[in-house]
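Engineer: Next comes the structure file query.pdb, holding PDB, C-alpha atoms and all ligand atoms.
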```
ATOM      1  CA  MET A  29       0.000   0.000   0.000
ATOM      2  CA  ILE A  30       1.428   3.368  -0.986
ATOM      3  CA  ILE A  31      -0.283   5.453   1.627
ATOM      4  CA  ASP A  32      -0.360   3.752   4.973
ATOM      5  CA  HIS A  33      -3.443   5.490   6.377
ATOM      6  CA  ALA A  34      -3.433   3.233   9.429
ATOM      7  CA  ALA A  35       0.080   4.395  10.313
ATOM      8  CA  ILE A  36      -0.954   8.036   9.972
ATOM      9  CA  LYS A  37      -4.013   7.350  12.121
ATOM     10  CA  ARG A  38      -1.764   5.882  14.809
ATOM     11  CA  GLU A  39       0.365   9.026  14.697
ATOM     12  CA  TYR A  40      -2.733  11.178  15.184
ATOM     13  CA  ASP A  41      -3.818   8.995  18.088
ATOM     14  CA  LYS A  42      -0.411   9.467  19.659
ATOM     15  CA  VAL A  43      -0.631  13.234  19.239
ATOM     16  CA  LYS A  44      -4.093  13.263  20.839
ATOM     17  CA  ALA A  45      -2.919  11.122  23.754
ATOM     18  CA  LYS A  46       0.097  13.363  24.267
ATOM     19  CA  ASN A  47      -2.005  16.531  24.292
ATOM     20  CA  LYS A  48      -4.566  14.974  26.581
ATOM     21  CA  ALA A  49      -1.821  14.053  29.042
ATOM     22  CA  ILE A  50      -0.404  17.578  28.964
ATOM     23  CA  ARG A  51      -3.863  18.991  29.611
ATOM     24  CA  ARG A  52      -4.436  16.641  32.521
ATOM     25  CA  MET A  53      -1.134  17.691  34.062
ATOM     26  CA  ARG A  54      -2.065  21.332  33.672
ATOM     27  CA  GLN A  55      -5.441  20.741  35.287
ATOM     28  CA  GLU A  56      -3.900  18.941  38.257
ATOM     29  CA  GLU A  57      -1.330  21.703  38.641
ATOM     30  CA  VAL A  58      -3.920  24.489  38.539
ATOM     31  CA  TYR A  59      -6.423  22.719  40.812
ATOM     32  CA  ALA A  60      -3.654  22.199  43.360
ATOM     33  CA  ARG A  61      -2.601  25.841  43.236
ATOM     34  CA  ILE A  62      -6.064  27.371  42.894
ATOM     35  CA  PRO A  63      -8.650  25.017  44.455
ATOM     36  CA  ARG A  64     -11.389  27.552  43.714
ATOM     37  CA  ILE A  65     -11.067  26.753  39.987
ATOM     38  CA  MET A  66     -11.940  23.134  40.674
ATOM     39  CA  GLU A  67     -14.997  24.311  42.641
ATOM     40  CA  ILE A  68     -16.037  26.566  39.778
ATOM     41  CA  LYS A  69     -15.878  23.632  37.392
ATOM     42  CA  LYS A  70     -18.143  21.627  39.699
ATOM     43  CA  GLU A  71     -20.568  24.509  40.198
ATOM     44  CA  ILE A  72     -20.978  25.047  36.463
ATOM     45  CA  ALA A  73     -21.637  21.354  35.925
ATOM     46  CA  LYS A  74     -24.069  21.312  38.853
ATOM     47  CA  SER A  75     -26.203  24.212  37.680
ATOM     48  CA  GLY A  76     -26.594  22.572  34.290
ATOM     49  CA  LYS A  77     -27.608  19.310  35.909
ATOM     50  CA  GLU A  78     -30.154  21.020  38.141
ATOM     51  CA  LEU A  79     -31.964  22.361  35.158
ATOM     52  CA  THR A  80     -31.957  18.973  33.463
ATOM     53  CA  ARG A  81     -33.266  17.320  36.599
ATOM     54  CA  LYS A  82     -36.056  19.862  36.813
ATOM     55  CA  MET A  83     -37.020  19.140  33.224
ATOM     56  CA  LEU A  84     -36.932  15.387  33.742
ATOM     57  CA  ALA A  85     -39.108  15.687  36.784
ATOM     58  CA  GLY A  86     -41.782  17.266  34.600
ATOM     59  CA  HIS A  87     -41.408  20.810  35.900
ATOM     60  CA  GLU A  88     -41.585  23.623  33.467
ATOM     61  CA  VAL A  89     -38.265  25.269  32.741
ATOM     62  CA  THR A  90     -38.931  28.927  32.104
ATOM     63  CA  GLU A  91     -36.927  31.370  30.063
ATOM     64  CA  ALA A  92     -36.010  33.024  33.340
ATOM     65  CA  ASP A  93     -34.568  29.750  34.656
ATOM     66  CA  THR A  94     -32.358  29.346  31.596
ATOM     67  CA  GLN A  95     -31.250  32.936  31.744
ATOM     68  CA  ALA A  96     -30.437  32.658  35.430
ATOM     69  CA  MET A  97     -28.348  29.574  34.769
ATOM     70  CA  GLU A  98     -26.532  31.198  31.887
ATOM     71  CA  LYS A  99     -25.803  34.281  33.957
ATOM     72  CA  LYS A 100     -24.467  32.173  36.780
ATOM     73  CA  ALA A 101     -22.242  30.210  34.416
ATOM     74  CA  LYS A 102     -20.991  33.414  32.840
ATOM     75  CA  ASN A 103     -20.083  34.886  36.209
ATOM     76  CA  LEU A 104     -18.293  31.709  37.197
ATOM     77  CA  MET A 105     -16.334  31.675  33.943
ATOM     78  CA  GLN A 106     -15.325  35.273  34.491
ATOM     79  CA  GLU A 107     -14.147  34.459  37.979
ATOM     80  CA  ARG A 108     -12.158  31.522  36.605
ATOM     81  CA  LEU A 109     -10.533  33.732  33.976
ATOM     82  CA  PHE A 110      -9.650  36.284  36.602
ATOM     83  CA  LEU A 111      -8.103  33.659  38.851
ATOM     84  CA  LEU A 112      -6.026  32.227  36.002
ATOM     85  CA  THR A 113      -4.608  35.586  34.961
ATOM     86  CA  GLU A 114      -4.087  36.565  38.571
ATOM     87  CA  HIS A 115      -1.841  33.518  38.910
ATOM     88  CA  ASN A 116      -0.034  34.368  35.678
ATOM     89  CA  TYR A 117      -1.532  31.589  33.598
ATOM     90  CA  PRO A 118      -2.493  32.250  29.997
ATOM     91  CA  THR A 119      -6.290  32.407  29.666
ATOM     92  CA  ASN A 120      -6.335  29.296  27.465
ATOM     93  CA  TYR A 121      -4.101  27.311  29.811
ATOM     94  CA  LEU A 122      -6.797  24.762  30.621
ATOM     95  CA  ASP A 123      -8.261  24.534  27.146
ATOM     96  CA  GLU A 124      -7.973  21.525  24.887
ATOM     97  CA  ILE A 125      -4.585  21.365  23.183
ATOM     98  CA  TYR A 126      -4.129  20.604  19.496
ATOM     99  CA  ASP A 127      -1.081  20.255  17.268
ATOM    100  CA  CYS A 128      -3.265  21.347  14.363
ATOM    101  CA  GLU A 129      -5.827  23.996  15.213
ATOM    102  CA  ILE A 130      -7.498  23.616  11.821
ATOM    103  CA  CYS A 131      -8.656  20.003  12.162
ATOM    104  CA  LYS A 132      -8.185  19.618  15.920
ATOM    105  CA  ASP A 133      -5.916  16.645  15.170
ATOM    106  CA  GLU A 134      -8.654  14.759  13.365
ATOM    107  CA  GLY A 135      -6.872  14.859  10.004
ATOM    108  CA  THR A 136     -10.056  15.872   8.186
ATOM    109  CA  VAL A 137     -12.148  19.031   8.054
ATOM    110  CA  GLY A 138     -15.766  19.858   7.314
ATOM    111  CA  ILE A 139     -18.777  17.639   6.852
ATOM    112  CA  HIS A 140     -17.278  16.173   3.695
ATOM    113  CA  LYS A 141     -14.259  15.112   5.731
ATOM    114  CA  LYS A 142     -11.780  16.725   3.386
ATOM    115  CA  TRP A 143      -8.155  15.952   4.213
ATOM    116  CA  CYS A 144      -6.627  18.644   6.358
ATOM    117  CA  LYS A 145      -3.362  20.209   5.248
ATOM    118  CA  CYS A 146      -1.563  18.453   8.071
ATOM    119  CA  TYR A 147      -2.842  15.099   6.822
ATOM    120  CA  GLN A 148      -1.879  15.862   3.248
ATOM    121  CA  LYS A 149       1.559  16.736   4.478
ATOM    122  CA  ARG A 150       1.899  13.344   6.116
ATOM    123  CA  MET A 151       0.699  11.579   2.980
ATOM    124  CA  THR A 152       3.138  13.462   0.806
ATOM    125  CA  GLU A 153       5.949  12.740   3.232
ATOM    126  CA  GLN A 154       5.151   9.060   2.945
ATOM    127  CA  LEU A 155       5.152   9.294  -0.838
ATOM    128  CA  VAL A 156       8.457  11.125  -0.795
ATOM    129  CA  GLU A 157       9.981   8.520   1.515
ATOM    130  CA  LYS A 158       8.731   5.681  -0.629
ATOM    131  CA  SER A 159       9.823   7.225  -3.904
ATOM    132  CA  ASN A 160      13.327   7.755  -2.508
ATOM    133  CA  MET A 161      12.926  11.455  -3.180
ATOM    134  CA  SER A 162      13.709  12.679   0.309
ATOM    135  CA  GLY A 163      17.450  12.809  -0.439
ATOM    136  CA  THR A 164      16.884  14.657  -3.689
ATOM    137  CA  LEU A 165      14.540  17.201  -2.159
ATOM    138  CA  SER A 166      16.794  18.008   0.753
ATOM    139  CA  ALA A 167      19.664  18.518  -1.728
ATOM    140  CA  GLU A 168      17.707  20.379  -4.379
ATOM    141  CA  ASN A 169      15.552  23.176  -3.041
ATOM    142  CA  PHE A 170      15.336  26.958  -3.059
ATOM    143  CA  ASP A 171      17.984  27.200  -0.354
ATOM    144  CA  THR A 172      20.547  25.153  -2.243
ATOM    145  CA  PHE A 173      19.905  26.763  -5.587
ATOM    146  CA  ASP A 174      23.218  27.953  -7.038
ATOM    147  CA  LEU A 175      23.036  30.468  -9.866
ATOM    148  CA  THR A 176      26.787  30.424 -10.476
ATOM    149  CA  ILE A 177      26.608  27.024 -12.158
ATOM    150  CA  PHE A 178      24.768  28.656 -15.034
ATOM    151  CA  SER A 179      26.736  30.324 -17.771
ATOM    152  CA  SER A 180      26.873  34.108 -17.713
ATOM    153  CA  VAL A 181      27.579  34.290 -21.452
ATOM    154  CA  PRO A 182      24.582  35.722 -23.308
ATOM    155  CA  ASP A 183      22.857  33.214 -25.545
ATOM    156  CA  GLU A 184      22.593  34.315 -29.165
ATOM    157  CA  ASN A 185      19.057  33.133 -29.700
ATOM    158  CA  HIS A 186      17.654  34.369 -26.417
ATOM    159  CA  GLY A 187      19.542  37.602 -25.920
ATOM    160  CA  VAL A 188      20.218  36.837 -22.266
ATOM    161  CA  SER A 189      22.581  34.476 -20.491
ATOM    162  CA  PRO A 190      21.323  31.226 -18.956
ATOM    163  CA  ARG A 191      22.234  32.698 -15.553
ATOM    164  CA  GLU A 192      20.147  35.780 -16.212
ATOM    165  CA  TYR A 193      17.243  33.634 -17.320
ATOM    166  CA  MET A 194      17.520  31.273 -14.332
ATOM    167  CA  LYS A 195      17.596  34.211 -11.973
ATOM    168  CA  ASP A 196      14.301  35.314 -13.440
ATOM    169  CA  ARG A 197      12.790  31.775 -13.360
ATOM    170  CA  PHE A 198      13.939  31.355  -9.778
ATOM    171  CA  LYS A 199      11.971  34.459  -8.905
ATOM    172  CA  LYS A 200       8.976  33.215 -10.908
ATOM    173  CA  ALA A 201       9.098  29.818  -9.196
ATOM    174  CA  HIS A 202       9.146  31.586  -5.838
ATOM    175  CA  GLU A 203       6.124  33.631  -6.826
ATOM    176  CA  TYR A 204       4.428  30.472  -8.055
ATOM    177  CA  VAL A 205       4.755  28.621  -4.763
ATOM    178  CA  GLY A 206       4.045  31.806  -2.798
ATOM    179  CA  GLY A 207       0.732  32.286  -4.585
ATOM    180  CA  PHE A 208      -0.182  28.600  -4.673
ATOM    181  CA  ASP A 209      -2.880  29.018  -2.035
ATOM    182  CA  HIS A 210      -4.919  31.270  -4.295
ATOM    183  CA  ASN A 211      -3.722  30.804  -7.818
ATOM    184  CA  ARG A 212      -2.667  27.422  -9.144
ATOM    185  CA  GLY A 213      -1.620  27.673 -12.742
ATOM    186  CA  ASN A 214      -0.136  24.924 -14.854
ATOM    187  CA  LEU A 215       3.519  25.022 -15.784
ATOM    188  CA  LEU A 216       5.260  23.540 -18.772
ATOM    189  CA  LEU A 217       9.029  23.458 -18.425
ATOM    190  CA  VAL A 218      10.716  22.780 -21.739
ATOM    191  CA  GLY A 219      14.362  22.614 -22.735
ATOM    192  CA  PRO A 220      17.293  20.249 -23.226
ATOM    193  CA  THR A 221      18.541  17.961 -20.472
ATOM    194  CA  GLY A 222      20.715  19.601 -17.868
ATOM    195  CA  THR A 223      19.478  23.162 -18.207
ATOM    196  CA  GLY A 224      18.020  23.380 -14.730
ATOM    197  CA  LYS A 225      14.368  22.485 -15.185
ATOM    198  CA  THR A 226      14.510  19.368 -13.029
ATOM    199  CA  PHE A 227      16.267  21.285 -10.290
ATOM    200  CA  LEU A 228      13.636  24.012 -10.392
ATOM    201  CA  THR A 229      10.902  21.370 -10.380
ATOM    202  CA  HIS A 230      12.426  19.911  -7.221
ATOM    203  CA  CYS A 231      12.554  23.376  -5.640
ATOM    204  CA  ILE A 232       8.836  23.857  -6.281
ATOM    205  CA  ALA A 233       7.986  20.360  -5.022
ATOM    206  CA  GLU A 234      10.057  20.677  -1.864
ATOM    207  CA  ASP A 235       8.547  24.020  -0.922
ATOM    208  CA  LEU A 236       4.940  22.926  -1.458
ATOM    209  CA  ILE A 237       5.432  19.595   0.338
ATOM    210  CA  ARG A 238       6.940  21.362   3.312
ATOM    211  CA  ARG A 239       3.872  23.609   3.447
ATOM    212  CA  GLY A 240       1.443  20.722   3.448
ATOM    213  CA  PHE A 241       0.293  20.508  -0.137
ATOM    214  CA  LEU A 242      -0.291  17.125  -1.699
ATOM    215  CA  VAL A 243       2.372  16.818  -4.373
ATOM    216  CA  VAL A 244       2.662  13.720  -6.532
ATOM    217  CA  TYR A 245       5.748  13.266  -8.672
ATOM    218  CA  PHE A 246       6.106  10.830 -11.557
ATOM    219  CA  THR A 247       7.938  10.524 -14.824
ATOM    220  CA  ALA A 248       5.636  10.145 -17.829
ATOM    221  CA  ILE A 249       6.725   6.502 -18.011
ATOM    222  CA  GLY A 250       5.887   6.098 -14.320
ATOM    223  CA  VAL A 251       2.422   7.602 -14.789
ATOM    224  CA  LEU A 252       1.658   5.159 -17.593
ATOM    225  CA  ASN A 253       3.083   2.153 -15.736
ATOM    226  CA  LYS A 254       0.898   2.894 -12.723
ATOM    227  CA  ILE A 255      -2.179   3.261 -14.908
ATOM    228  CA  LYS A 256      -1.358  -0.068 -16.578
ATOM    229  CA  GLU A 257      -0.836  -1.813 -13.256
ATOM    230  CA  ALA A 258      -4.052  -0.350 -11.933
ATOM    231  CA  SER A 259      -6.183  -1.367 -14.887
ATOM    232  CA  PHE A 260      -4.606  -4.622 -16.057
ATOM    233  CA  ASP A 261      -3.089  -6.119 -12.888
ATOM    234  CA  LYS A 262      -5.786  -4.622 -10.650
ATOM    235  CA  SER A 263      -3.017  -3.703  -8.228
ATOM    236  CA  TYR A 264      -4.468  -1.999  -5.177
ATOM    237  CA  GLU A 265      -1.341   0.053  -4.661
ATOM    238  CA  ALA A 266      -1.365   1.240  -8.265
ATOM    239  CA  LYS A 267      -5.056   2.135  -8.049
ATOM    240  CA  GLN A 268      -4.357   4.210  -4.976
ATOM    241  CA  MET A 269      -1.464   5.893  -6.727
ATOM    242  CA  VAL A 270      -3.590   6.736  -9.766
ATOM    243  CA  ALA A 271      -6.244   8.179  -7.458
ATOM    244  CA  MET A 272      -3.553  10.368  -5.911
ATOM    245  CA  MET A 273      -2.536  11.591  -9.365
ATOM    246  CA  HIS A 274      -6.089  12.855  -9.809
ATOM    247  CA  GLN A 275      -6.399  14.311  -6.310
ATOM    248  CA  ALA A 276      -2.996  15.936  -5.807
ATOM    249  CA  ASP A 277      -2.778  19.706  -5.448
ATOM    250  CA  LEU A 278       0.183  19.519  -7.789
ATOM    251  CA  LEU A 279       0.913  16.633 -10.137
ATOM    252  CA  ILE A 280       4.389  16.692 -11.596
ATOM    253  CA  ILE A 281       4.945  14.750 -14.794
ATOM    254  CA  ASP A 282       8.645  14.662 -15.453
ATOM    255  CA  ASP A 283      10.329  13.695 -18.719
ATOM    256  CA  LEU A 284       7.284  13.845 -20.938
ATOM    257  CA  GLY A 285       8.325  12.441 -24.305
ATOM    258  CA  THR A 286      10.519   9.619 -23.018
ATOM    259  CA  GLU A 287       7.523   7.267 -23.024
ATOM    260  CA  MET A 288       6.550   5.203 -26.038
ATOM    261  CA  THR A 289       3.810   6.941 -27.977
ATOM    262  CA  THR A 290       0.931   4.554 -28.456
ATOM    263  CA  ASP A 291      -2.821   4.989 -28.626
ATOM    264  CA  PHE A 292      -2.924   3.820 -25.028
ATOM    265  CA  SER A 293      -0.305   6.297 -23.764
ATOM    266  CA  VAL A 294      -1.859   9.228 -25.603
ATOM    267  CA  SER A 295      -5.362   8.481 -24.398
ATOM    268  CA  GLU A 296      -4.278   7.865 -20.783
ATOM    269  CA  LEU A 297      -2.136  10.986 -20.628
ATOM    270  CA  PHE A 298      -5.031  12.946 -22.056
ATOM    271  CA  GLY A 299      -7.307  11.398 -19.445
ATOM    272  CA  ILE A 300      -5.250  12.462 -16.482
ATOM    273  CA  ILE A 301      -4.187  15.892 -17.746
ATOM    274  CA  ASN A 302      -7.687  16.755 -18.894
ATOM    275  CA  ASP A 303      -9.278  15.555 -15.677
ATOM    276  CA  ARG A 304      -7.002  17.846 -13.699
ATOM    277  CA  LEU A 305      -7.775  20.769 -15.991
ATOM    278  CA  ILE A 306     -11.507  20.500 -15.390
ATOM    279  CA  GLN A 307     -11.193  20.151 -11.621
ATOM    280  CA  PRO A 308     -10.820  23.388  -9.689
ATOM    281  CA  ARG A 309      -7.543  24.093  -7.917
ATOM    282  CA  LYS A 310      -5.532  21.262  -9.424
ATOM    283  CA  ALA A 311      -2.206  22.256 -10.919
ATOM    284  CA  THR A 312      -0.041  20.191 -13.218
ATOM    285  CA  LEU A 313       3.638  20.767 -13.872
ATOM    286  CA  ILE A 314       5.038  19.041 -16.915
ATOM    287  CA  SER A 315       8.705  18.949 -17.694
ATOM    288  CA  THR A 316       9.999  17.831 -21.075
ATOM    289  CA  ASN A 317      12.890  17.884 -23.514
ATOM    290  CA  LEU A 318      10.395  18.344 -26.329
ATOM    291  CA  THR A 319       9.812  21.782 -27.794
ATOM    292  CA  PRO A 320       6.222  23.025 -28.091
ATOM    293  CA  GLU A 321       6.441  22.196 -31.823
ATOM    294  CA  ASN A 322       7.623  18.638 -31.008
ATOM    295  CA  ILE A 323       4.670  18.265 -28.656
ATOM    296  CA  GLN A 324       2.244  19.197 -31.408
ATOM    297  CA  ASP A 325       3.905  16.799 -33.835
ATOM    298  CA  ARG A 326       4.052  13.926 -31.415
ATOM    299  CA  TYR A 327       0.686  13.976 -29.712
ATOM    300  CA  SER A 328      -2.870  14.232 -30.873
ATOM    301  CA  GLU A 329      -4.322  17.679 -31.331
ATOM    302  CA  ARG A 330      -6.527  17.052 -28.299
ATOM    303  CA  LEU A 331      -3.635  16.093 -26.027
ATOM    304  CA  SER A 332      -1.211  18.770 -27.180
ATOM    305  CA  SER A 333      -3.831  21.457 -26.721
ATOM    306  CA  ARG A 334      -4.328  20.282 -23.130
ATOM    307  CA  ILE A 335      -0.573  20.305 -22.500
ATOM    308  CA  LEU A 336       0.127  23.662 -24.134
ATOM    309  CA  GLY A 337      -3.197  25.457 -23.859
ATOM    310  CA  LYS A 338      -3.497  26.620 -20.272
ATOM    311  CA  ALA A 339       0.129  26.349 -19.198
ATOM    312  CA  ASP A 340       2.697  28.996 -18.513
ATOM    313  CA  ILE A 341       5.577  27.823 -20.721
ATOM    314  CA  TRP A 342       9.135  28.252 -19.467
ATOM    315  CA  GLU A 343      11.781  27.545 -22.090
ATOM    316  CA  PHE A 344      15.142  26.633 -20.662
ATOM    317  CA  PHE A 345      18.366  26.818 -22.645
ATOM    318  CA  GLY A 346      22.112  26.683 -22.241
ATOM    319  CA  ASP A 347      24.777  24.073 -21.743
ATOM    320  CA  ASP A 348      24.366  20.813 -19.942
ATOM    321  CA  LEU A 349      24.627  21.677 -16.270
ATOM    322  CA  ARG A 350      26.205  18.391 -15.382
ATOM    323  CA  ILE A 351      29.184  19.404 -17.500
ATOM    324  CA  ALA A 352      29.266  22.814 -15.883
ATOM    325  CA  LEU A 353      29.128  21.167 -12.452
ATOM    326  CA  LYS A 354      32.020  18.899 -13.336
ATOM    327  CA  LEU A 355      34.059  21.862 -14.517
ATOM    328  CA  LYS A 356      33.260  23.670 -11.304
ATOM    329  CA  GLU A 357      34.482  20.703  -9.287
ATOM    330  CA  TYR A 358      37.787  20.748 -11.205
ATOM    331  CA  GLU A 359      38.196  24.456 -10.578
ATOM    332  CA  GLU A 360      37.687  23.950  -6.892
ATOM    333  CA  GLU A 361      40.195  21.120  -6.648
TER     334      GLU A 361
HETATM  335 ZN    ZN A 401      -4.948  19.432  10.579
END
```
Transcribe the structure of this file into structure tokens.

Structural biologist:
Amino acid sequence: MIIDHAAIKREYDKVKAKNKAIRRMRQEEVYARIPRIMEIKKEIAKSGKELTRKMLAGHEVTEADTQAMEKKAKNLMQERLFLLTEHNYPTNYLDEIYDCEICKDEGTVGIHKKWCKCYQKRMTEQLVEKSNMSGTLSAENFDTFDLTIFSSVPDENHGVSPREYMKDRFKKAHEYVGGFDHNRGNLLLVGPTGTGKTFLTHCIAEDLIRRGFLVVYFTAIGVLNKIKEASFDKSYEAKQMVAMMHQADLLIIDDLGTEMTTDFSVSELFGIINDRLIQPRKATLISTNLTPENIQDRYSERLSSRILGKADIWEFFGDDLRIALKLKEYEEE
């Protein structure tokens, strides 16, 4: 199973137990120091019970009764607040404690039980661990981005140097992740191997994962293999993975164009990319060595229009970075 929901559930249970224990310790501490607060708790509970008892006994509970009880409870709460602050406790010191205030450590929010950000973060972390990406993402992120590996010599066709261009894309990528909460556009990163698009893709992924977005990362070949496994082998894991491709906040399809082009691959790629386009707030980042013209030549009109149509296209250029990196290593030696 790709996502071990039971393991995540156990983590949430642990968090709840931990917070409950902390709260109990706080209560014991406060009740020992300020016994009156314990009495207040009992009095509030008692006045509520009295009213219930009256109702159960068949007596009429008037508006005045309810109001009197509410007033009493309010006064008691005010006294409790005063006592807490008087003893230098924060006013919420005895409240329930949560690691995640949004879902109150339930992992889901709302009546539709949508995954909370904290839960998505855990799922993505699991995916990253299982895809052996954790090493890559800790090595390749916005903090480790090194502009000096890009050539500063202006490129004839583009009028700027690769370094200049990367500086600008770096800024754009920052803006992209910064605005991801409100505005999730699609990105198409094109250019030859080793021009920095994979690195920038990793930067974007790492940042969004860290902030709790569900990010799913596959090569085009990987996407198609999972779809095959899910439909032909009926693999449960693959089915789950395909579902994640549809649900992710950001789906990254790396190396588009390295897969074999068949009717199956074209129709499945169309299926997933199109499905994400019609869902609200689902972004897709595609990275490829193909040029936009290649894409049109290689894929059906329908598929290429989905890939190119709504995406912000970033065209990378320059020398193979791996060569530049090697040269840099020699210089440093
Ligand atoms: Zn949460």

Engineer: Check which residues of region 246-329 of chain A sit at most 10 Å from region 226-234 of chain A using all atoms listed in the file, and return one row each with the closest pair of atoms and their distance in Å to one decimal, ordered by chain and rising number, as CSV.

Structural biologist:
```
residue,atom,partner,partner_atom,distance
A:Leu278,CA,A:Ala233,CA,8.3
A:Leu279,CA,A:Ala233,CA,9.5
A:Ile280,CA,A:Thr229,CA,8.1
A:Ile281,CA,A:Thr229,CA,9.9
A:Asp282,CA,A:Thr226,CA,7.9
A:Asp283,CA,A:Thr226,CA,9.1
A:Leu313,CA,A:Thr229,CA,8.1
A:Ile314,CA,A:Thr229,CA,9.1
A:Ser315,CA,A:Thr226,CA,7.5
A:Thr316,CA,A:Thr226,CA,9.4
```

Engineer: Pick out the residues sitting within 10 Å of Thr221 (chain A), and hand them over as number ranges by chain; count only C-alpha atoms, and ignore anything fewer than 6 positions along from it in its own chain.

Structural biologist: A: 283, 316-317, 344-350

Engineer: Go ahead and write the selection's residues with C-alpha atoms as a JSON list (two decimals), keeping the file's coordinate frame.

Structural biologist:
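Okay, result17.json is ready:
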```
[["chain", "number", "residue", "atom", "x", "y", "z"],
["A", 283, "ASP", "CA", 10.33, 13.70, -18.72],
["A", 316, "THR", "CA", 10.00, 17.83, -21.08],
["A", 317, "ASN", "CA", 12.89, 17.88, -23.51],
["A", 344, "PHE", "CA", 15.14, 26.63, -20.66],
["A", 345, "PHE", "CA", 18.37, 26.82, -22.64],
["A", 346, "GLY", "CA", 22.11, 26.68, -22.24],
["A", 347, "ASP", "CA", 24.78, 24.07, -21.74],
["A", 348, "ASP", "CA", 24.37, 20.81, -19.94],
["A", 349, "LEU", "CA", 24.63, 21.68, -16.27],
["A", 350, "ARG", "CA", 26.20, 18.39, -15.38]]
```

Engineer: Closest to Arg51 (chain A) among A:Cys146, A:Ile125, A:Ala34, A:Met83, using only C-alpha atoms?

Structural biologist: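 Result for the nearest residue to Arg51 (chain A): A:Ile125.
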
Engineer: Taking all atoms listed in the file into account, name the residue in A:Thr113, A:Ser333, A:Thr136, A:Gln95 that is nearest to ligand ZN 401 (chain A).

Structural biologist: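 That would be A:Thr136, the residue with the smallest distance to ligand ZN 401 (chain A).
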
Engineer: How would you write, as a list in words, the residues chosen by the PyMOL selection byres (((not hetatm)) within 8 of (chain A and resi 401)) on this structure?

Structural biologist: Asp127, Cys128, Glu129, Ile130, Cys131, Lys132, Asp133, Glu134, Gly135, Thr136, Val137, Trp143, Cys144, Lys145, Cys146 and Tyr147 of chain A

Engineer: Evaluated on this file, the PyMOL selection byres (((chain A and resi 94) around 12) and not hetatm) picks out some residues - which ones are they, written as a CSV table (one decimal) with C-alpha atoms, keeping the file's coordinate frame?

Structural biologist:
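Contents of the output file out.csv:
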```csv
chain,number,residue,atom,x,y,z
A,75,SER,CA,-26.2,24.2,37.7
A,76,GLY,CA,-26.6,22.6,34.3
A,77,LYS,CA,-27.6,19.3,35.9
A,78,GLU,CA,-30.2,21.0,38.1
A,79,LEU,CA,-32.0,22.4,35.2
A,80,THR,CA,-32.0,19.0,33.5
A,82,LYS,CA,-36.1,19.9,36.8
A,83,MET,CA,-37.0,19.1,33.2
A,88,GLU,CA,-41.6,23.6,33.5
A,89,VAL,CA,-38.3,25.3,32.7
A,90,THR,CA,-38.9,28.9,32.1
A,91,GLU,CA,-36.9,31.4,30.1
A,92,ALA,CA,-36.0,33.0,33.3
A,93,ASP,CA,-34.6,29.8,34.7
A,95,GLN,CA,-31.2,32.9,31.7
A,96,ALA,CA,-30.4,32.7,35.4
A,97,MET,CA,-28.3,29.6,34.8
A,98,GLU,CA,-26.5,31.2,31.9
A,99,LYS,CA,-25.8,34.3,34.0
A,100,LYS,CA,-24.5,32.2,36.8
A,101,ALA,CA,-22.2,30.2,34.4
```

Engineer: Skipping near chain neighbours, those fewer than 3 positions away, what residues fall within 8 Å of Thr319 (chain A) using all atoms listed in the file, listed as an MDAnalysis selection string?

Structural biologist: chainID A and resid 218:219 316 322:323

Engineer: Rank A:Gly138, A:Asp235, A:Lys149, A:Val294 by their smallest atom-to-atom distance to Phe170 (chain A), using all atoms listed in the file, and report the top residue only.

Structural biologist: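 Of A:Gly138, A:Asp235, A:Lys149, A:Val294, the one nearest Phe170 (chain A) is A:Asp235, counting all atoms listed in the file.
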
Engineer: Could you give me, as a list of chain:residue names, the residues within 10 Å of region 252-266 of chain A, counting all atoms listed in the file and dropping anything in the same chain fewer than 3 positions from it?

Structural biologist: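 With the cut-off at 10 Å, the set is A:Met29, A:Ile30, A:Ile31, A:Phe246, A:Thr247, A:Ala248, A:Ile249, A:Met269, A:Val270, A:Ala271, A:Met272, A:Met273, A:Glu287, A:Met288, A:Phe292, A:Ser293, A:Val294, A:Glu296, A:Leu297, A:Ile300.
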
Engineer: Could you work out how far CA of Arg108 (chain A) lies from CA of Ile50 (chain A), giving the answer in Å with one decimal?

Structural biologist: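 Distance reported for this atom pair: 19.8 Å.
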